[in-house]
>>> print(open('work20.cif').read())   # mmCIF, C-alpha atoms and all ligand atoms
data_start
loop_
_atom_site.label_atom_id
_atom_site.label_comp_id
_atom_site.auth_asym_id
_atom_site.auth_seq_id
_atom_site.Cartn_x
_atom_site.Cartn_y
_atom_site.Cartn_z
CA MET A 1 -77.79 -3.76 8.63
CA THR A 2 -76.61 -2.24 5.37
CA ASP A 3 -74.16 -3.34 2.70
CA CYS A 4 -72.91 0.24 2.31
CA ALA A 5 -69.78 0.75 4.45
CA PHE A 6 -70.48 4.44 4.98
CA CYS A 7 -74.18 3.93 5.83
CA GLY A 8 -72.86 1.42 8.38
CA ILE A 9 -70.67 4.12 9.91
CA ILE A 10 -73.59 6.59 9.92
CA ALA A 11 -75.75 3.96 11.68
CA ARG A 12 -72.89 3.37 14.17
CA GLU A 13 -72.76 -0.30 13.08
CA ASN A 14 -69.21 0.10 11.72
CA PRO A 15 -66.42 1.80 13.68
CA ALA A 16 -64.99 5.15 12.61
CA ASP A 17 -63.02 8.02 14.07
CA ILE A 18 -65.64 10.75 13.79
CA GLU A 19 -64.41 14.31 13.30
CA TYR A 20 -67.60 16.27 12.61
CA GLU A 21 -71.36 15.73 12.65
CA ASP A 22 -74.47 17.77 12.01
CA ASP A 23 -78.03 16.92 11.00
CA ALA A 24 -77.14 16.24 7.34
CA VAL A 25 -73.44 15.32 7.33
CA LEU A 26 -70.94 13.02 9.03
CA ALA A 27 -67.16 13.28 8.68
CA PHE A 28 -64.59 10.71 9.82
CA LYS A 29 -60.91 9.89 9.33
CA ASP A 30 -59.95 7.94 6.20
CA ILE A 31 -58.59 4.56 7.31
CA TYR A 32 -55.76 4.78 4.74
CA PRO A 33 -54.73 8.44 4.99
CA LYS A 34 -53.03 9.98 1.94
CA ALA A 35 -52.18 13.27 3.72
CA PRO A 36 -51.40 14.27 7.34
CA VAL A 37 -55.06 15.21 7.71
CA HIS A 38 -57.39 13.05 5.59
CA ILE A 39 -61.08 13.16 6.44
CA LEU A 40 -64.05 11.85 4.47
CA ILE A 41 -67.18 14.00 4.49
CA VAL A 42 -70.41 12.15 3.65
CA PRO A 43 -74.09 13.04 3.48
CA LYS A 44 -76.11 11.03 6.00
CA ARG A 45 -78.57 10.24 3.21
CA HIS A 46 -77.27 7.58 0.84
CA VAL A 47 -76.39 9.09 -2.54
CA PRO A 48 -74.24 6.62 -4.54
CA SER A 49 -72.16 9.02 -6.61
CA VAL A 50 -72.09 12.48 -8.13
CA MET A 51 -72.75 10.56 -11.34
CA ALA A 52 -76.13 9.48 -9.93
CA MET A 53 -77.02 12.65 -8.07
CA GLU A 54 -80.40 14.28 -8.55
CA ARG A 55 -81.44 17.87 -8.06
CA GLU A 56 -82.81 16.99 -4.61
CA ASP A 57 -79.30 15.86 -3.59
CA ALA A 58 -77.77 19.27 -4.28
CA GLU A 59 -78.44 20.61 -0.82
CA VAL A 60 -76.79 17.74 1.08
CA LEU A 61 -73.75 17.91 -1.19
CA GLY A 62 -73.54 21.65 -0.56
CA ARG A 63 -73.77 20.87 3.14
CA CYS A 64 -70.71 18.61 2.72
CA LEU A 65 -68.78 21.63 1.42
CA LEU A 66 -69.94 23.74 4.36
CA ALA A 67 -68.76 20.93 6.65
CA ALA A 68 -65.38 21.08 4.89
CA ARG A 69 -65.18 24.75 5.69
CA ALA A 70 -66.02 24.08 9.35
CA ILE A 71 -63.44 21.29 9.56
CA GLY A 72 -60.82 23.50 7.92
CA GLU A 73 -61.45 26.25 10.44
CA ALA A 74 -61.54 23.86 13.41
CA LYS A 75 -58.23 22.27 12.39
CA GLY A 76 -56.41 25.52 11.69
CA PHE A 77 -56.37 25.42 7.89
CA ALA A 78 -58.61 28.41 7.22
CA GLU A 79 -55.62 30.47 6.04
CA ARG A 80 -53.30 27.75 4.76
CA GLY A 81 -55.95 25.96 2.75
CA TYR A 82 -56.63 22.32 1.87
CA ARG A 83 -57.75 20.13 -1.00
CA LEU A 84 -61.21 18.65 -1.58
CA HIS A 85 -61.47 15.66 -3.91
CA VAL A 86 -64.53 13.81 -5.18
CA HIS A 87 -63.93 10.61 -7.13
CA CYS A 88 -66.63 9.83 -9.68
CA GLY A 89 -67.17 6.37 -11.16
CA PRO A 90 -64.72 3.66 -12.22
CA GLU A 91 -62.27 5.79 -14.18
CA GLY A 92 -62.49 8.49 -11.50
CA GLY A 93 -61.18 5.98 -9.00
CA GLN A 94 -64.37 5.78 -6.93
CA LEU A 95 -64.22 2.70 -4.68
CA VAL A 96 -67.05 3.39 -2.21
CA TYR A 97 -70.42 4.13 -3.79
CA HIS A 98 -71.71 6.47 -1.08
CA VAL A 99 -70.72 9.92 -2.27
CA HIS A 100 -67.95 11.49 -0.20
CA VAL A 101 -65.67 14.50 -0.27
CA HIS A 102 -62.02 13.88 0.65
CA PHE A 103 -60.61 16.65 2.89
CA LEU A 104 -56.81 16.61 2.55
CA ALA A 105 -54.57 19.01 4.43
CA GLY A 106 -51.19 19.52 5.96
CA GLY A 107 -49.21 17.98 3.15
CA ARG A 108 -47.77 19.11 -0.11
CA THR A 109 -48.90 22.37 -1.61
CA GLY A 110 -48.76 21.30 -5.26
CA ARG A 111 -51.58 20.24 -7.51
CA GLY A 112 -52.74 16.75 -8.35
P1 LIG B 201 -62.79 6.59 -3.17
O1 LIG B 201 -64.13 5.88 -3.35
O2 LIG B 201 -61.84 6.40 -4.30
O3 LIG B 201 -62.98 8.05 -2.87
O4 LIG B 201 -62.05 5.92 -1.96
C1 LIG B 201 -62.71 5.53 -0.79
C2 LIG B 201 -61.91 5.98 0.39
O5 LIG B 201 -62.57 5.51 1.56
C3 LIG B 201 -60.47 5.48 0.45
O6 LIG B 201 -59.59 6.58 0.68
C4 LIG B 201 -60.47 4.51 1.65
O7 LIG B 201 -59.25 4.52 2.35
C5 LIG B 201 -61.62 5.03 2.47
N1 LIG B 201 -62.34 4.04 3.28
C6 LIG B 201 -62.89 2.87 2.86
N2 LIG B 201 -63.53 2.26 3.86
C7 LIG B 201 -63.41 3.07 4.95
C8 LIG B 201 -63.86 2.97 6.29
N3 LIG B 201 -64.57 1.93 6.73
N4 LIG B 201 -63.54 3.99 7.14
C9 LIG B 201 -62.81 5.03 6.71
N5 LIG B 201 -62.37 5.17 5.45
C10 LIG B 201 -62.65 4.20 4.58
ZN ZN B 202 -74.50 4.56 1.98
#
>>> encode(input="work20.cif", output="structure tokens", more="lines below")
Ligand code: AMP
Ligand code: ZN
Amino acid sequence: MTDCAFCGIIARENPADIEYEDDAVLAFKDIYPKAPVHILIVPKRHVPSVMAMEREDAEVLGRCLLAARAIGEAKGFAERGYRLHVHCGPEGGQLVYHVHVHFLAGGRTGRG
């Protein structure tokens, strides 16, 4: 058991709607979607936050971005594009301290 919600999903102890998986990365639907397509991309290895990342974490975080590309292509957004958000720390609005990239697509085209 783990007290990290996303490690629980990775261990298949917590339910999730999984969209993508490889050896380093898991991606699943956000339970409270803020866009028509809202997927969270997480490294399988627990890294709490970009604010705590070490040099050795750079590869798995880069793998999260490659997963975003794969998800974008699989879901038909390779041309239209999408947004990737990473919330960092309390004032960055980070609620879950297992680093994750929000993949948001299919909604508004503006910034923010
Ligand atoms: P943040 O840490 O600000 O990037 O926000 C965490 C995000 O994770 C929010 O968008 C939540 O809706 C989402 N979330 C929290 N718990 C789960 C879960 N068990 N499964 C899927 N999404 C979750
Ligand atoms: Zn974790």
>>> residues_near_ligand(input="work20.cif", ligand="ligand LIG 201 (chain B)", cutoff="7 Å", atoms="all atoms listed in the file", output="list of chain:residue names")
A:Ala5, A:Phe6, A:Ala16, A:Phe28, A:Lys29, A:Asp30, A:Ile31, A:Tyr32, A:Pro33, A:Leu40, A:Val86, A:His87, A:Gly93, A:Gln94, A:Leu95, A:Val96, A:Tyr97, A:His100, A:His102
>>> write_last_selection(input="work20.cif", atoms="C-alpha atoms", output="compact mmCIF listing (two decimals), keeping the file's coordinate frame")
# COMPACT_ATOMS: atom_id res chain seq x y z
CA ALA A 5 -69.78 0.75 4.45
CA PHE A 6 -70.48 4.44 4.98
CA ALA A 16 -64.99 5.15 12.61
CA PHE A 28 -64.59 10.71 9.82
CA LYS A 29 -60.91 9.89 9.33
CA ASP A 30 -59.95 7.94 6.20
CA ILE A 31 -58.59 4.56 7.31
CA TYR A 32 -55.76 4.78 4.74
CA PRO A 33 -54.73 8.44 4.99
CA LEU A 40 -64.05 11.85 4.47
CA VAL A 86 -64.53 13.81 -5.18
CA HIS A 87 -63.93 10.61 -7.13
CA GLY A 93 -61.18 5.98 -9.00
CA GLN A 94 -64.37 5.78 -6.93
CA LEU A 95 -64.22 2.70 -4.68
CA VAL A 96 -67.05 3.39 -2.21
CA TYR A 97 -70.42 4.13 -3.79
CA HIS A 100 -67.95 11.49 -0.20
CA HIS A 102 -62.02 13.88 0.65
>>> closest_residue(input="work20.cif", among="A:Val99, A:Cys88, A:Ala74, A:Arg12", to="ligand ZN 202 (chain B)", atoms="only C-alpha atoms and all ligand atoms")
A:Val99
>>> atom_distance(input="work20.cif", atom1="CA of Arg55 (chain A)", atom2="CA of Glu13 (chain A)")
29.2 Å
>>> atom_distance(input="work20.cif", atom1="CA of Ile41 (chain A)", atom2="CA of Val101 (chain A)")
5.0 Å
>>> closest_atom_pairs(input="work20.cif", of="chain A", to="ligand ZN 202 (chain B)", cutoff="8 Å", atoms="only C-alpha atoms and all ligand atoms", output="Markdown table")
| residue | atom | partner | partner_atom | distance |
| --- | --- | --- | --- | --- |
| A:Thr2 | CA | B:ZN202 | ZN | 7.9 |
| A:Asp3 | CA | B:ZN202 | ZN | 7.9 |
| A:Cys4 | CA | B:ZN202 | ZN | 4.6 |
| A:Ala5 | CA | B:ZN202 | ZN | 6.5 |
| A:Phe6 | CA | B:ZN202 | ZN | 5.0 |
| A:Cys7 | CA | B:ZN202 | ZN | 3.9 |
| A:Gly8 | CA | B:ZN202 | ZN | 7.3 |
| A:Lys44 | CA | B:ZN202 | ZN | 7.8 |
| A:Arg45 | CA | B:ZN202 | ZN | 7.1 |
| A:His46 | CA | B:ZN202 | ZN | 4.3 |
| A:Val47 | CA | B:ZN202 | ZN | 6.7 |
| A:Pro48 | CA | B:ZN202 | ZN | 6.8 |
| A:Tyr97 | CA | B:ZN202 | ZN | 7.1 |
| A:His98 | CA | B:ZN202 | ZN | 4.6 |
| A:Val99 | CA | B:ZN202 | ZN | 7.8 |
>>> closest_residue(input="work20.cif", among="A:Pro15, A:Gly92, A:Gly106, A:Pro43", to="Gly72 (chain A)", atoms="all atoms listed in the file")
A:Gly106
>>> residues_around(input="work20.cif", residues="Ile71 (chain A)", least_positions_apart="5", cutoff="10 Å", atoms="only C-alpha atoms", output="PDB file with C-alpha atoms, keeping the file's coordinate frame")
ATOM      1  CA  GLU A  19     -64.410  14.310  13.300  1.00  0.00           C
ATOM      2  CA  TYR A  20     -67.600  16.270  12.610  1.00  0.00           C
ATOM      3  CA  ALA A  27     -67.160  13.280   8.680  1.00  0.00           C
ATOM      4  CA  ILE A  39     -61.080  13.160   6.440  1.00  0.00           C
ATOM      5  CA  ILE A  41     -67.180  14.000   4.490  1.00  0.00           C
ATOM      6  CA  LEU A  65     -68.780  21.630   1.420  1.00  0.00           C
ATOM      7  CA  LEU A  66     -69.940  23.740   4.360  1.00  0.00           C
ATOM      8  CA  GLY A  76     -56.410  25.520  11.690  1.00  0.00           C
ATOM      9  CA  PHE A  77     -56.370  25.420   7.890  1.00  0.00           C
ATOM     10  CA  ALA A  78     -58.610  28.410   7.220  1.00  0.00           C
ATOM     11  CA  PHE A 103     -60.610  16.650   2.890  1.00  0.00           C
TER      12      PHE A 103
END
>>> atom_distance(input="work20.cif", atom1="CA of Ala67 (chain A)", atom2="CA of Leu26 (chain A)")
8.5 Å
>>> closest_residue(input="work20.cif", among="A:Val60, A:Ala105, A:Met53, A:Ala35", to="Glu79 (chain A)", atoms="all atoms listed in the file")
A:Ala105
>>> axis_aligned_box(input="work20.cif", around="region 70-81 of chain A", padding_each_side="6 Å", output="AutoDock Vina command-line options")
--center_x -59.7 --center_y 25.9 --center_z 8.1 --size_x 24.7 --size_y 21.2 --size_z 22.7
>>> closest_residue(input="work20.cif", among="A:Pro90, A:Glu56, A:Pro36, A:Tyr82", to="Ala68 (chain A)", atoms="all atoms listed in the file")
A:Tyr82
